[in-house]
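Engineer: I'm passing along query39.csv; it holds CSV, C-alpha atoms and all ligand atoms.
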chain,number,residue,atom,x,y,z
A,1,MET,CA,61.8,122.2,102.6
A,2,ASN,CA,62.6,118.6,101.9
A,3,ILE,CA,60.2,117.1,99.4
A,4,GLU,CA,62.5,114.3,98.5
A,5,ILE,CA,61.0,112.5,101.5
A,6,LEU,CA,57.6,112.6,99.8
A,7,GLU,CA,58.0,109.6,97.5
A,8,LYS,CA,59.1,107.5,100.4
A,9,SER,CA,56.2,108.6,102.6
A,10,LEU,CA,53.7,107.6,99.9
A,11,THR,CA,54.7,104.0,99.3
A,12,LYS,CA,51.6,102.7,101.2
A,13,GLU,CA,49.2,105.1,99.4
A,14,PRO,CA,47.3,104.5,96.2
A,15,LYS,CA,49.0,105.9,93.0
A,16,PHE,CA,46.5,108.7,92.5
A,17,ARG,CA,47.7,110.3,95.7
A,18,LEU,CA,50.9,111.3,94.1
A,19,THR,CA,49.0,113.1,91.4
A,20,GLN,CA,46.8,114.9,93.9
A,21,ILE,CA,49.9,115.9,95.8
A,22,LYS,CA,51.7,117.2,92.7
A,23,LYS,CA,48.6,119.3,91.8
A,24,ALA,CA,48.4,120.7,95.3
A,25,LEU,CA,52.1,121.5,95.5
A,26,PHE,CA,52.9,122.6,92.0
A,27,GLN,CA,49.7,124.0,90.6
A,28,GLU,CA,47.7,125.3,93.6
A,29,LEU,CA,51.1,126.2,95.1
A,30,ILE,CA,50.0,125.4,98.6
A,31,ASP,CA,52.5,126.2,101.4
A,32,ASN,CA,50.6,124.4,104.1
A,33,TRP,CA,49.3,120.8,104.0
A,34,ASP,CA,46.0,121.9,105.5
A,35,ASP,CA,45.2,123.5,102.2
A,36,ALA,CA,45.6,120.2,100.3
A,37,LYS,CA,41.8,119.6,100.5
A,38,THR,CA,41.9,116.5,98.3
A,39,LEU,CA,43.9,114.5,100.8
A,40,PRO,CA,42.5,112.7,103.8
A,41,LYS,CA,43.1,114.5,107.1
A,42,SER,CA,45.3,111.7,108.5
A,43,LEU,CA,47.7,111.9,105.5
A,44,ARG,CA,47.8,115.7,105.8
A,45,GLU,CA,48.8,115.4,109.4
A,46,GLU,CA,51.5,112.8,108.6
A,47,LEU,CA,52.9,115.0,105.8
A,48,LYS,CA,53.0,118.0,108.1
A,49,LYS,CA,55.5,116.2,110.2
A,50,SER,CA,57.5,114.3,107.5
A,51,CYS,CA,57.5,117.0,104.8
A,52,PRO,CA,57.4,120.6,105.8
A,53,LEU,CA,56.6,123.0,103.0
A,54,GLU,CA,58.4,126.2,104.1
A,55,ILE,CA,61.1,127.3,101.8
A,56,ASN,CA,64.0,128.9,103.7
A,57,ALA,CA,64.7,131.8,101.3
A,58,LYS,CA,65.1,135.5,101.2
A,59,ILE,CA,65.1,138.0,98.5
A,60,LEU,CA,68.6,139.5,98.4
A,61,ASN,CA,68.0,142.2,95.9
A,62,ASP,CA,65.2,143.6,93.9
A,63,SER,CA,65.5,145.8,90.8
A,64,ILE,CA,63.1,146.5,88.0
A,65,GLY,CA,62.5,143.2,86.3
A,66,THR,CA,65.0,141.2,88.4
A,67,ARG,CA,64.9,139.5,91.8
A,68,LYS,CA,67.6,137.4,93.3
A,69,ALA,CA,66.8,134.9,96.0
A,70,LEU,CA,69.2,133.2,98.4
A,71,ILE,CA,67.8,129.7,99.4
A,72,THR,CA,69.2,127.8,102.3
A,73,LEU,CA,68.9,124.0,101.8
A,74,SER,CA,68.2,121.4,104.5
A,75,ASP,CA,72.0,120.8,105.1
A,76,ASN,CA,72.5,124.6,105.4
A,77,THR,CA,74.3,125.0,102.1
A,78,LYS,CA,73.1,128.0,100.1
A,79,ILE,CA,72.2,128.6,96.5
A,80,GLU,CA,70.9,131.5,94.4
A,81,ALA,CA,68.1,131.7,91.9
A,82,VAL,CA,66.9,134.6,89.9
A,83,LEU,CA,63.6,135.7,88.5
A,84,LEU,CA,63.6,137.8,85.4
A,85,SER,CA,60.3,139.4,84.6
A,86,HIS,CA,59.8,140.6,81.0
A,87,ILE,CA,57.3,143.2,79.9
A,88,ASP,CA,55.3,140.7,77.8
A,89,ASN,CA,54.4,138.8,81.0
A,90,ARG,CA,57.0,136.1,80.6
A,91,ASN,CA,58.7,135.2,83.9
A,92,THR,CA,61.9,133.3,83.5
A,93,ILE,CA,63.6,131.6,86.4
A,94,CYS,CA,67.3,131.1,86.2
A,95,VAL,CA,68.0,128.0,88.4
A,96,SER,CA,71.2,126.6,89.9
A,97,SER,CA,72.1,123.0,89.4
A,98,GLN,CA,74.9,122.7,91.9
A,99,VAL,CA,76.1,124.3,95.1
A,100,GLY,CA,79.1,126.2,93.7
A,101,CYS,CA,80.7,125.0,90.5
A,102,PRO,CA,83.8,122.9,89.7
A,103,MET,CA,84.5,124.4,86.3
A,104,LYS,CA,86.6,127.4,87.5
A,105,CYS,CA,86.0,129.6,84.4
A,106,SER,CA,88.3,132.5,85.2
A,107,PHE,CA,85.8,135.2,84.5
A,108,CYS,CA,82.9,133.8,86.5
A,109,ALA,CA,82.1,134.5,90.2
A,110,THR,CA,80.5,131.1,90.8
A,111,GLY,CA,83.7,129.4,89.7
A,112,SER,CA,85.7,131.2,92.4
A,113,MET,CA,83.6,129.7,95.3
A,114,GLY,CA,84.5,126.1,94.4
A,115,PHE,CA,82.3,123.1,94.2
A,116,ILE,CA,80.3,121.8,97.2
A,117,ARG,CA,77.7,119.3,95.9
A,118,ASN,CA,75.1,118.5,93.3
A,119,LEU,CA,71.5,119.5,93.9
A,120,ASN,CA,68.8,116.8,93.9
A,121,LYS,CA,65.8,117.2,91.6
A,122,TYR,CA,63.6,118.7,94.3
A,123,GLU,CA,66.2,121.2,95.3
A,124,ILE,CA,66.2,122.4,91.7
A,125,ILE,CA,62.4,122.5,91.7
A,126,GLU,CA,62.3,124.3,95.1
A,127,GLN,CA,63.9,127.3,93.3
A,128,VAL,CA,61.0,127.4,90.8
A,129,LEU,CA,58.5,126.8,93.5
A,130,PHE,CA,59.7,129.7,95.6
A,131,PHE,CA,59.2,132.2,92.7
A,132,ALA,CA,56.0,130.5,91.6
A,133,ARG,CA,54.5,131.2,95.0
A,134,LEU,CA,55.6,134.8,94.9
A,135,LEU,CA,54.2,135.3,91.4
A,136,LYS,CA,50.9,133.8,92.3
A,137,GLU,CA,50.3,136.7,94.6
A,138,LYS,CA,50.4,138.9,91.5
A,139,ASN,CA,48.3,136.5,89.5
A,140,GLN,CA,51.3,135.6,87.4
A,141,LYS,CA,53.1,132.4,86.4
A,142,VAL,CA,56.5,131.0,85.8
A,143,THR,CA,56.7,130.7,82.0
A,144,ASN,CA,60.4,129.9,81.2
A,145,ILE,CA,63.3,128.1,82.9
A,146,VAL,CA,67.0,128.5,82.2
A,147,TYR,CA,69.6,126.3,83.8
A,148,MET,CA,72.1,129.1,83.9
A,149,GLY,CA,72.5,129.7,87.6
A,150,MET,CA,75.3,128.3,89.7
A,151,GLY,CA,76.9,125.0,88.6
A,152,GLU,CA,77.4,123.0,85.5
A,153,PRO,CA,74.1,121.2,84.7
A,154,PHE,CA,75.7,118.4,82.7
A,155,LEU,CA,77.8,117.4,85.7
A,156,ASN,CA,74.5,116.8,87.5
A,157,TYR,CA,72.8,115.3,84.4
A,158,GLU,CA,70.3,112.8,86.0
A,159,ASN,CA,68.9,115.3,88.5
A,160,VAL,CA,68.6,118.0,85.9
A,161,ILE,CA,66.7,115.8,83.5
A,162,GLU,CA,64.4,114.5,86.4
A,163,SER,CA,63.7,118.1,87.4
A,164,ILE,CA,62.7,118.9,83.9
A,165,LYS,CA,60.3,116.0,83.9
A,166,ILE,CA,58.6,117.6,86.9
A,167,LEU,CA,58.5,121.0,85.2
A,168,ASN,CA,57.0,119.4,82.1
A,169,ASP,CA,54.5,117.2,83.9
A,170,ASN,CA,50.9,118.4,83.2
A,171,ASN,CA,50.0,117.4,86.8
A,172,ALA,CA,52.8,119.6,88.1
A,173,PHE,CA,54.2,122.8,86.5
A,174,ASN,CA,53.1,122.1,83.0
A,175,ILE,CA,55.9,124.2,81.4
A,176,GLY,CA,56.6,123.1,77.8
A,177,ALA,CA,60.0,121.7,77.0
A,178,ARG,CA,60.5,124.5,74.4
A,179,LYS,CA,60.4,127.0,77.2
A,180,ILE,CA,63.3,125.3,79.0
A,181,SER,CA,67.0,125.9,78.2
A,182,ILE,CA,70.2,124.2,79.5
A,183,SER,CA,73.5,125.9,79.2
A,184,THR,CA,76.8,123.9,79.4
A,185,CYS,CA,80.4,125.0,79.3
A,186,GLY,CA,81.0,122.1,76.9
A,187,VAL,CA,80.6,118.8,78.7
A,188,ILE,CA,80.5,116.6,75.6
A,189,GLU,CA,79.0,113.5,77.4
A,190,GLY,CA,76.0,115.7,78.4
A,191,ILE,CA,75.5,117.0,74.8
A,192,LYS,CA,75.6,113.4,73.5
A,193,LYS,CA,73.1,112.1,76.2
A,194,LEU,CA,70.7,115.0,75.5
A,195,SER,CA,70.7,114.2,71.8
A,196,ASN,CA,69.1,110.9,72.7
A,197,GLU,CA,66.5,112.1,75.2
A,198,ASN,CA,63.8,113.0,72.7
A,199,MET,CA,63.0,116.2,74.6
A,200,GLN,CA,62.3,119.5,72.9
A,201,ILE,CA,64.5,121.5,75.3
A,202,ASN,CA,66.9,124.2,74.2
A,203,LEU,CA,70.7,123.7,74.3
A,204,ALA,CA,73.1,126.5,74.9
A,205,ILE,CA,76.9,126.3,74.8
A,206,SER,CA,79.2,128.7,76.6
A,207,LEU,CA,81.9,129.3,74.1
A,208,HIS,CA,83.4,132.7,75.0
A,209,ALA,CA,86.5,132.2,72.8
A,210,PRO,CA,87.0,131.5,69.1
A,211,ASN,CA,90.2,129.5,69.4
A,212,ASN,CA,91.6,126.9,71.8
A,213,ILE,CA,94.6,128.9,72.9
A,214,LEU,CA,92.4,131.7,74.3
A,215,ARG,CA,89.7,129.3,75.5
A,216,ASP,CA,92.3,127.3,77.4
A,217,LYS,CA,93.1,130.5,79.3
A,218,LEU,CA,89.5,131.3,80.2
A,219,MET,CA,87.9,128.0,80.7
A,220,PRO,CA,89.9,125.0,82.1
A,221,ILE,CA,87.4,122.5,80.7
A,222,ASN,CA,88.8,123.4,77.3
A,223,LYS,CA,91.9,121.3,78.1
A,224,LYS,CA,89.6,118.3,78.1
A,225,HIS,CA,87.0,119.2,75.6
A,226,ARG,CA,88.5,121.1,72.6
A,227,ILE,CA,86.3,123.6,70.6
A,228,GLU,CA,86.3,121.3,67.5
A,229,ASP,CA,85.1,118.3,69.5
A,230,ILE,CA,82.4,120.4,71.2
A,231,LEU,CA,81.2,121.6,67.8
A,232,LYS,CA,81.2,118.0,66.4
A,233,ALA,CA,79.0,116.9,69.3
A,234,VAL,CA,76.7,119.9,68.6
A,235,ASP,CA,76.5,119.0,64.9
A,236,ASN,CA,75.5,115.5,65.9
A,237,TYR,CA,72.9,116.9,68.3
A,238,ILE,CA,71.5,119.1,65.5
A,239,GLU,CA,71.4,116.2,63.1
A,240,LYS,CA,69.5,114.1,65.5
A,241,THR,CA,67.1,116.7,66.9
A,242,ASN,CA,66.9,119.3,64.1
A,243,ARG,CA,66.9,121.9,66.9
A,244,ARG,CA,68.8,125.2,66.9
A,245,VAL,CA,71.7,125.6,69.3
A,246,MET,CA,72.6,128.8,71.0
A,247,PHE,CA,76.3,129.8,71.6
A,248,GLU,CA,77.0,132.3,74.4
A,249,TYR,CA,79.9,134.7,74.0
A,250,THR,CA,80.5,137.2,76.7
A,251,MET,CA,82.6,140.2,75.6
A,252,ILE,CA,85.6,140.8,77.9
A,253,LYS,CA,87.7,143.8,77.3
A,254,ASP,CA,91.1,143.2,75.6
A,255,THR,CA,90.6,139.5,76.1
A,256,ASN,CA,88.3,138.0,73.5
A,257,ASP,CA,86.9,141.1,71.8
A,258,SER,CA,89.4,142.0,69.1
A,259,LEU,CA,88.1,142.4,65.5
A,260,LYS,CA,90.3,139.4,64.6
A,261,ASN,CA,88.4,137.4,67.2
A,262,ALA,CA,85.2,138.4,65.5
A,263,GLN,CA,86.5,137.1,62.2
A,264,GLU,CA,87.6,133.8,63.8
A,265,LEU,CA,84.3,133.4,65.5
A,266,SER,CA,82.5,134.0,62.2
A,267,LEU,CA,84.3,131.0,60.7
A,268,LEU,CA,83.0,128.8,63.5
A,269,MET,CA,79.4,130.2,63.7
A,270,ALA,CA,78.2,130.7,60.2
A,271,LYS,CA,76.1,127.5,60.2
A,272,LYS,CA,72.4,126.9,59.5
A,273,LEU,CA,71.1,126.1,63.0
A,274,TYR,CA,73.7,128.0,65.0
A,275,MET,CA,72.7,131.1,66.9
A,276,LEU,CA,75.2,133.4,68.6
A,277,ASN,CA,74.2,135.2,71.7
A,278,ILE,CA,76.6,138.1,72.6
A,279,ILE,CA,76.5,139.0,76.3
A,280,LYS,CA,77.8,142.2,77.8
A,281,TYR,CA,80.3,141.0,80.4
A,282,ASN,CA,79.2,141.6,84.0
A,283,GLU,CA,82.2,142.8,85.9
A,284,THR,CA,83.0,140.6,88.9
A,285,GLY,CA,86.6,141.6,89.7
A,286,VAL,CA,89.5,140.9,87.4
A,287,PHE,CA,88.1,141.5,84.0
A,288,LYS,CA,86.4,144.5,82.4
A,289,SER,CA,83.5,144.6,80.0
A,290,SER,CA,84.1,145.6,76.4
A,291,SER,CA,82.9,149.0,75.4
A,292,ASP,CA,79.5,149.4,73.7
A,293,LYS,CA,81.3,150.6,70.6
A,294,ARG,CA,83.5,147.5,70.5
A,295,ILE,CA,80.5,145.2,71.0
A,296,LYS,CA,78.7,147.0,68.1
A,297,ASP,CA,81.8,146.7,65.7
A,298,PHE,CA,82.3,143.1,66.8
A,299,MET,CA,78.7,142.2,66.1
A,300,GLN,CA,78.8,144.0,62.7
A,301,ILE,CA,81.6,141.7,61.5
A,302,LEU,CA,79.7,138.6,62.5
A,303,HIS,CA,76.6,140.0,60.9
A,304,ASP,CA,78.5,140.7,57.6
A,305,ASN,CA,79.6,137.1,57.7
A,306,THR,CA,76.0,135.9,57.9
A,307,VAL,CA,76.1,134.7,61.5
A,308,LYS,CA,72.7,134.8,63.1
A,309,LEU,CA,73.2,136.7,66.4
A,310,THR,CA,71.5,138.6,69.2
A,311,LEU,CA,72.7,140.8,72.0
A,312,ARG,CA,71.6,139.6,75.4
A,313,HIS,CA,69.9,142.1,77.5
A,314,SER,CA,71.9,141.8,80.7
A,315,PHE,CA,69.2,141.8,83.4
A,316,GLY,CA,70.2,142.2,87.0
A,317,SER,CA,73.8,143.3,86.6
A,318,ASP,CA,73.0,146.2,89.0
A,319,ILE,CA,72.1,143.7,91.8
A,320,ASP,CA,74.8,141.0,91.1
A,321,ALA,CA,72.1,138.7,89.7
A,322,ALA,CA,73.3,138.6,86.1
A,323,CYS,CA,75.2,135.8,84.4
A,324,GLY,CA,78.3,134.8,86.3
A,325,GLN,CA,77.6,137.0,89.3
A,326,LEU,CA,75.9,134.3,91.4
A,327,ALA,CA,78.1,133.3,94.3
A,328,THR,CA,77.1,132.9,97.9
A,329,LYS,CA,79.4,135.1,99.9
B,401,LIG,N1,78.0,126.1,83.7
B,401,LIG,C1,77.0,126.4,82.7
B,401,LIG,C2,75.8,127.2,83.2
B,401,LIG,C3,76.1,128.6,83.7
B,401,LIG,S1,75.3,129.6,82.6
B,401,LIG,C4,77.7,127.1,81.6
B,401,LIG,O1,78.9,127.4,81.7
B,401,LIG,O2,77.1,127.3,80.5
B,401,LIG,C5,76.0,131.2,83.0
B,401,LIG,C6,76.5,131.8,81.7
B,401,LIG,O3,77.0,133.1,82.1
B,401,LIG,C7,77.6,131.0,81.1
B,401,LIG,O4,77.6,131.2,79.7
B,401,LIG,C8,78.8,131.7,81.7
B,401,LIG,O5,80.0,131.5,80.9
B,401,LIG,C9,78.4,133.2,81.6
B,401,LIG,N2,79.1,134.1,82.5
B,401,LIG,C10,79.9,133.7,83.6
B,401,LIG,N3,80.4,134.8,84.2
B,401,LIG,C11,79.9,135.9,83.5
B,401,LIG,C12,80.0,137.3,83.6
B,401,LIG,N4,80.7,137.8,84.6
B,401,LIG,N5,79.4,138.1,82.7
B,401,LIG,C13,78.6,137.5,81.8
B,401,LIG,N6,78.5,136.2,81.6
B,401,LIG,C14,79.1,135.4,82.4
Once you've parsed the file, please lay out its structure as structure tokens.

Structural biologist:
Amino acid sequence: MNIEILEKSLTKEPKFRLTQIKKALFQELIDNWDDAKTLPKSLREELKKSCPLEINAKILNDSIGTRKALITLSDNTKIEAVLLSHIDNRNTICVSSQVGCPMKCSFCATGSMGFIRNLNKYEIIEQVLFFARLLKEKNQKVTNIVYMGMGEPFLNYENVIESIKILNDNNAFNIGARKISISTCGVIEGIKKLSNENMQINLAISLHAPNNILRDKLMPINKKHRIEDILKAVDNYIEKTNRRVMFEYTMIKDTNDSLKNAQELSLLMAKKLYMLNIIKYNETGVFKSSSDKRIKDFMQILHDNTVKLTLRHSFGSDIDAACGQLATK
């Protein structure tokens, strides 16, 4: 599929055509231009040639509640996207923002595949569209989006924001901003820009270490953006938006999971609009996950220090579709 071409093909058409097309593509979820009944036949024929609607994707793995898809893009590069279905009928799509990732976090499978290129806004949307079509067969809808797949969203800022506008658009997916979350490993320029967007989307920060010495070892970006500077940017974001910010902390055995680490983390996290999300580490090779007992004790210390926290239910770890397990092999 290559819908980027659409806008160019429509320059001669009246403006309402784009609205009709958005409705057909993103609401009726057509996968064949013949089904776009509101368009004149001649335009449908033209679009059939210039803008095919097939998505080149296959479901790699299926487990209860989780499906991972491998999507091949028009230049033959590959990305992964994941559907997480919850019992309350929420369907969250975890989308990739880049092919590969340049951040090289030592514990993350995507980092080890290197960086290939940024996705354009429609390649981000294509991932949602693929699952939206699939869910339609079961009379279900995409309800939430997390930018937590492959890549660092804030290194592809413009395309990510443009894709969110399509998700928000009530002529397109009509998904509310509050149902959309962006996660960053701490790209400060991105946090600053987002503070000024006036969008009600959710911000998440991948922290994973309570001090710079340890974070330097796990996440190379920490050499550029220190913890205290990231937190300063987050505090500014909160001041401007009055929105809660989520911090992600994945528990890696004998690495960032000591009880002293929990104390250090408490000092950083006990703030009004900070939320901490503890994630059980999904093993991808070198590192091991902390034991359940350690996670419990670690969380107890944070709780005793008044940190607001949750434990992330790690969907999809059995099919390599969980956090940090996305990498095209
Ligand atoms: N680059 C962005 C978006 C990726 S989101 C970011 O870093 O936030 C994916 C989340 O899963 C990040 O918090 C990432 O640090 C975390 N993660 C990576 N590998 C993981 C693993 N093996 N187990 C659990 N979480 C992991």

Engineer: Could you produce a table of the residues of chain A lying within 7 Å of ligand LIG 401 (chain B), with the nearest pair of atoms per residue and their separation in Å rounded to one decimal, using all atoms listed in the file, ordered by chain and increasing residue number, as a tab-separated table?

Structural biologist:
residue	atom	partner	partner_atom	distance
A:Phe107	CA	B:LIG401	N3	5.4
A:Cys108	CA	B:LIG401	N3	3.5
A:Ala109	CA	B:LIG401	N3	6.2
A:Tyr147	CA	B:LIG401	C2	6.3
A:Met148	CA	B:LIG401	S1	3.5
A:Gly149	CA	B:LIG401	C3	5.4
A:Met150	CA	B:LIG401	C3	6.1
A:Gly151	CA	B:LIG401	N1	5.1
A:Glu152	CA	B:LIG401	N1	3.6
A:Pro153	CA	B:LIG401	C1	6.3
A:Ser183	CA	B:LIG401	O2	4.1
A:Thr184	CA	B:LIG401	O2	3.6
A:Cys185	CA	B:LIG401	O1	3.7
A:Ala204	CA	B:LIG401	O2	6.9
A:Ile205	CA	B:LIG401	O2	5.8
A:Ser206	CA	B:LIG401	O4	4.3
A:His208	CA	B:LIG401	O5	6.9
A:Glu248	CA	B:LIG401	O4	5.4
A:Thr250	CA	B:LIG401	N6	5.4
A:Ile279	CA	B:LIG401	C13	6.1
A:Lys280	CA	B:LIG401	C13	6.2
A:Tyr281	CA	B:LIG401	N5	3.8
A:Asn282	CA	B:LIG401	N5	3.7
A:Glu283	CA	B:LIG401	N4	5.4
A:Thr284	CA	B:LIG401	N4	5.6
A:Ala322	CA	B:LIG401	C13	6.9
A:Cys323	CA	B:LIG401	O3	4.0
A:Gly324	CA	B:LIG401	N3	3.0
A:Gln325	CA	B:LIG401	N4	5.7

Engineer: Just checking: using all atoms listed in the file, which residue out of A:Tyr157, A:Phe26, A:Tyr122, A:Phe16 ends up closest to Asn170 (chain A)?

Structural biologist: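 The closest residue to Asn170 (chain A) is A:Phe26.
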
Engineer: Counting all atoms listed in the file, select every polymer residue within 9 Å of (56.4, 137.4, 82.0) as defined in the file's coordinates, and provide the selection as a PyMOL selection string.

Structural biologist: chain A and resi 84-92+140-144

Engineer: Near region 256-268 of chain A, counting all atoms listed in the file, which residues have an atom at most 6 Å away, once you skip same-chain residues fewer than 3 positions from it, shown as a PDB file with C-alpha atoms, keeping the file's coordinate frame?

Structural biologist:
ATOM      1  CA  PRO A 210      87.000 131.500  69.100  1.00  0.00           C
ATOM      2  CA  MET A 251      82.600 140.200  75.600  1.00  0.00           C
ATOM      3  CA  ILE A 252      85.600 140.800  77.900  1.00  0.00           C
ATOM      4  CA  PHE A 298      82.300 143.100  66.800  1.00  0.00           C
ATOM      5  CA  LEU A 302      79.700 138.600  62.500  1.00  0.00           C
TER       6      LEU A 302
END

Engineer: What gap, in Å, lies between CA of Leu276 (chain A) and CA of Ile301 (chain A)?

Structural biologist: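 Here the two named atoms are 12.7 Å from each other.
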
Engineer: Which residue out of A:Val234, A:Thr110, A:Asn171, A:Ile164 has the minimum interatomic distance to Lys193 (chain A) when only C-alpha atoms are used?

Structural biologist: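 Comparing A:Val234, A:Thr110, A:Asn171, A:Ile164 against Lys193 (chain A), the winner is A:Val234.
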
Engineer: Would you list the residues near (64.3, 130.3, 102.9) (no more than 9 Å away, in the coordinates of the file, using only C-alpha atoms) as a list in words?

Structural biologist: Met1, Glu54, Ile55, Asn56, Ala57, Lys58, Ile59, Ala69, Leu70, Ile71, Thr72, Leu73 and Phe130 of chain A

Engineer: Residues as selected, C-alpha atoms, written as a PDB file, keeping the file's coordinate frame, can you do that?

Structural biologist:
ATOM      1  CA  MET A   1      61.800 122.200 102.600  1.00  0.00           C
ATOM      2  CA  GLU A  54      58.400 126.200 104.100  1.00  0.00           C
ATOM      3  CA  ILE A  55      61.100 127.300 101.800  1.00  0.00           C
ATOM      4  CA  ASN A  56      64.000 128.900 103.700  1.00  0.00           C
ATOM      5  CA  ALA A  57      64.700 131.800 101.300  1.00  0.00           C
ATOM      6  CA  LYS A  58      65.100 135.500 101.200  1.00  0.00           C
ATOM      7  CA  ILE A  59      65.100 138.000  98.500  1.00  0.00           C
ATOM      8  CA  ALA A  69      66.800 134.900  96.000  1.00  0.00           C
ATOM      9  CA  LEU A  70      69.200 133.200  98.400  1.00  0.00           C
ATOM     10  CA  ILE A  71      67.800 129.700  99.400  1.00  0.00           C
ATOM     11  CA  THR A  72      69.200 127.800 102.300  1.00  0.00           C
ATOM     12  CA  LEU A  73      68.900 124.000 101.800  1.00  0.00           C
ATOM     13  CA  PHE A 130      59.700 129.700  95.600  1.00  0.00           C
TER      14      PHE A 130
END

Engineer: Here is a test: counting only C-alpha atoms, which residue of A:Cys101, A:Ala172, A:Met275, A:Val307 is nearest to Thr19 (chain A)?

Structural biologist: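 Going through A:Cys101, A:Ala172, A:Met275, A:Val307 one by one, the smallest distance to Thr19 (chain A) is for A:Ala172.
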
Engineer: Do you know which residues are at most 7 Å from Lys104 (chain A) counting only C-alpha atoms, after dropping those on the same chain fewer than 3 positions away, and could you put them as a PyMOL selection string?

Structural biologist: chain A and resi 111-112+219-220
